[in-house]
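Note sheet for the following structure.
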Amino acid sequence: MSANPASAAPEAEQPTGSGSRIPRVPFWAQIVGGLVLGVLLGWLARSQDLGWLVTTLDEIGSLFVQLLKLAVAPLVFFAILVSITNLRQVNNAARLATRTLLWFMITSLIAVAIGLAIGLITNPGSGTGLTPKDGALSETKGSWIDFLTGIVPDNVITPFTELNVLQIVFMAAVAGIAALKLGDRAKPILTLSQSILELLQKALWWVIRLAPIGTVGLIGYAIADYGWDLIGKYATFTADVYIGCALVMFGVYPLLLATVAKVSPLQFFKGAWPAIQLAFVSRSSVGTMPVTQKVTERLGVPKEYASFAVPFGATTKMDGCAAIYPALAAIFIAQIFDVQLGIGDYLLIAFVSVIGSAATAGLTGATVMLTLTLSTLGLPLEGVGLLMAIDPILDMMRTATNVAGQALVPVIVAAREKILDHDAYNSASASPIDSFGDTDRDEVRDAEPQSAVPVTA
């Protein structure tokens, strides 16, 4: 399905041989086709009560997600480890890391403020017909004690088998810092880690190529299982989440790009679109991470810095899941359970969203972050059950917003620190996503000896 990467000639000018070539369908068109087919099959399965089709759609979607999960634990570990050691090639690495974290927090605060404002204006829990009896106690819970004590694992195996991404990040960070301290003695380990990371990214790319098929199953099963009637009960809340994410992604982000980074917002979306569309379908920031890093580099962010900022962001930068969504969900659940929230509660939501973002680290969903928010506010955890049915539909837009923010912050920091390649940024285009699959086509500079990236004082 992929075009010949070695040729610089346009595809239309390629030799066609004895017969005509079948035109290659762009990846975005495959995704759209999968969405349409999934909706049609889901509607057919529900309207005709075709149990076998519902089961088939569920199996297809579940298998796609399971394949993504398979790579998540080792991918996160080696990506974080390698990204930390790559910082040694960057002057003022501590300053870059600090400014990256600062912009993560700033954008999260803006996102949670938008979520709270929309929730207070629309009252998403009113008129739904839902009652506290419709809720169910969530099996997955989050609390500050669990969050703080759960960072350090009991052993090195369990975090990988149970996919505890926060603990994996902790171990990778410790290993990366230790490797930096060892210097040249750690070179064999770092070389091996880099090779394993490239292997994992290549394998994950094969899974990403299956995204159109996975889309059919995920969307189809959502429609077949939930139906339009259930979705109608959550219409206001669903619209709030999508509107809030859209305001952040297409309002706040372009404003920051134009005023803070002083670059073209349109160019950003042209370059970052492959990662954003994949995030919408896969509902996985971590699964999308290799593509996010590629598009970030294509937007002119130095590879040495992007290889740190993107993996770090993929596990901690969640404007959709950890800011907009918990703010709206807390208001929604409070209204269902008839609990009055005050200014102090709203400030607490903002605090939890900024500090607790790492609790959302994982493949899909924001259940842990929501339970962390509810337990902090003293709201019933049964409220989580009210939102589980609609969660996959919400998670698509939430994850797309997450990934857009994960690409945005490195661009802003690189522009502010005057290390952004403006020529690369201005020439970025929404090329087919399959052009990111082959590491042998990386920029020539990747094969050259690395030099320190200058950072202005």
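The chains in the structure tokens are called A, B, ... from first to last as shown; in each chain the residues are counted from 1, and the ligands are counted from 1 in the order shown.
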
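The environment of Ala224 in chain A within 9 Å, counting only C-alpha atoms and disregarding residues fewer than 6 places along the same chain, consists of Val39, Leu41, Gly42, Trp43, Leu44, Ala45, Arg46, Ser47, Asp49, Leu53, Val54 and Leu57 of chain A.
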
### Task
Please identify all polymer residues within 8 Å of range 322-333 of chain A, counting only C-alpha atoms, omitting same-chain residues fewer than 2 positions from it, and present them as a ChimeraX atom specification.
/A:108-109,111-116,118-120,123-125,237,240-241,244-245,318-320,335-337,341,349-350,353-354,356-357,360,366,369-370,373-374,379,383,398

### Message
Set the distance at 9 Å and use only C-alpha atoms: which residues neighbour Leu256 in chain A once local chain neighbours fewer than 5 positions away are removed? I'd like the list as a count of residues only.
### Response
6

### Query
Looking at only C-alpha atoms, which of A:Val25, A:Val152, A:Ala186, A:Ala400 is the one that sits closest to Thr292 in chain A?
A:Ala400

### Message
Please identify the alpha helix (DSSP H) residues within range 126-285 of chain A (assignment by DSSP from backbone atoms) and present them as number ranges by chain.
### Response
A: 144-149, 158-161, 165-182, 187-208, 211-233, 235-247, 253-256, 265-282, 285

### Task
Figure out the distance between CA of Gly287 in chain A and CA of Leu204 in chain A, please, to one decimal in Å.
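Here the two named atoms are 7.6 Å from each other.
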
### Exercise: Leu75 in chain A partners within 10 Å, only C-alpha atoms, chain neighbours under 2 positions left out, as a list in words
Lys69, Leu70, Ala71, Val72, Ala73, Phe77, Phe78, Ala79, Ile80, Leu81, Ile168, Ile196, Leu197, Glu198, Leu199, Leu200, Gln201, Leu204, Val286, Gly287, Met289, Pro290 and Pro311 of chain A

Next, dump the selected residues to file, keeping only N, CA, C and O atoms, as a short mmCIF file (atom, residue, chain, number, x, y, z; two decimals), in the first residue's frame.
data_model
loop_
_atom_site.label_atom_id
_atom_site.label_comp_id
_atom_site.auth_asym_id
_atom_site.auth_seq_id
_atom_site.Cartn_x
_atom_site.Cartn_y
_atom_site.Cartn_z
N LYS A 69 -1.93 -2.34 22.93
CA LYS A 69 -1.51 -2.54 24.32
C LYS A 69 -0.23 -3.36 24.40
O LYS A 69 0.59 -3.17 25.29
N LEU A 70 -0.08 -4.28 23.46
CA LEU A 70 1.07 -5.18 23.48
C LEU A 70 2.38 -4.42 23.45
O LEU A 70 3.37 -4.83 24.06
N ALA A 71 2.38 -3.29 22.75
CA ALA A 71 3.63 -2.52 22.59
C ALA A 71 3.79 -1.41 23.61
O ALA A 71 4.88 -0.84 23.74
N VAL A 72 2.72 -1.09 24.35
CA VAL A 72 2.73 0.11 25.18
C VAL A 72 3.80 0.08 26.26
O VAL A 72 4.61 1.00 26.38
N ALA A 73 3.83 -0.99 27.07
CA ALA A 73 4.75 -1.02 28.22
C ALA A 73 6.21 -0.89 27.80
O ALA A 73 6.92 0.02 28.28
N PHE A 77 8.78 2.55 28.27
CA PHE A 77 10.03 2.43 29.04
C PHE A 77 11.22 2.90 28.20
O PHE A 77 12.00 3.75 28.63
N PHE A 78 11.38 2.33 27.02
CA PHE A 78 12.56 2.65 26.22
C PHE A 78 12.47 4.05 25.61
O PHE A 78 13.51 4.71 25.42
N ALA A 79 11.26 4.54 25.33
CA ALA A 79 11.13 5.90 24.80
C ALA A 79 11.54 6.93 25.84
O ALA A 79 12.26 7.89 25.53
N ILE A 80 11.11 6.74 27.08
CA ILE A 80 11.47 7.68 28.15
C ILE A 80 12.96 7.59 28.46
O ILE A 80 13.66 8.60 28.60
N LEU A 81 13.48 6.36 28.54
CA LEU A 81 14.91 6.17 28.84
C LEU A 81 15.77 6.85 27.77
O LEU A 81 16.68 7.63 28.09
N ILE A 168 6.07 2.57 35.15
CA ILE A 168 7.03 2.34 34.07
C ILE A 168 7.80 3.62 33.78
O ILE A 168 9.02 3.60 33.57
N ILE A 196 16.18 -1.37 20.38
CA ILE A 196 14.90 -1.96 20.81
C ILE A 196 13.76 -0.98 20.55
O ILE A 196 12.68 -1.37 20.09
N LEU A 197 14.00 0.31 20.82
CA LEU A 197 12.98 1.32 20.59
C LEU A 197 12.60 1.38 19.11
O LEU A 197 11.42 1.45 18.76
N GLU A 198 13.60 1.35 18.24
CA GLU A 198 13.32 1.39 16.80
C GLU A 198 12.56 0.14 16.36
O GLU A 198 11.66 0.20 15.52
N LEU A 199 12.91 -1.01 16.94
CA LEU A 199 12.21 -2.25 16.63
C LEU A 199 10.75 -2.16 17.05
O LEU A 199 9.84 -2.55 16.30
N LEU A 200 10.51 -1.65 18.27
CA LEU A 200 9.13 -1.52 18.76
C LEU A 200 8.33 -0.54 17.90
O LEU A 200 7.15 -0.79 17.61
N GLN A 201 8.95 0.56 17.51
CA GLN A 201 8.25 1.52 16.68
C GLN A 201 7.90 0.94 15.32
O GLN A 201 6.83 1.22 14.78
N LEU A 204 5.03 -1.45 15.94
CA LEU A 204 3.82 -0.68 16.22
C LEU A 204 3.27 -0.05 14.94
O LEU A 204 2.06 0.10 14.78
N VAL A 286 -0.23 7.06 23.74
CA VAL A 286 1.00 6.29 23.71
C VAL A 286 1.13 5.54 22.39
O VAL A 286 2.20 5.50 21.78
N GLY A 287 0.03 4.95 21.91
CA GLY A 287 0.06 4.24 20.65
C GLY A 287 0.38 5.15 19.48
O GLY A 287 0.98 4.73 18.49
N MET A 289 2.30 7.80 19.75
CA MET A 289 3.53 8.51 20.06
C MET A 289 4.58 8.50 18.94
O MET A 289 5.16 9.55 18.64
N PRO A 290 4.86 7.36 18.27
CA PRO A 290 5.86 7.41 17.20
C PRO A 290 5.49 8.39 16.08
O PRO A 290 6.35 9.09 15.55
N PRO A 311 7.64 11.85 24.11
CA PRO A 311 7.34 10.75 25.03
C PRO A 311 6.92 11.24 26.42
O PRO A 311 6.03 10.65 27.04
#

### Query
Nearest to Ser195 in chain A among A:Ile208, A:Ala172, A:Val82, A:Leu266, with distances taken over only C-alpha atoms: which residue is it?
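Nearest candidate to Ser195 in chain A out of A:Ile208, A:Ala172, A:Val82, A:Leu266: A:Val82.
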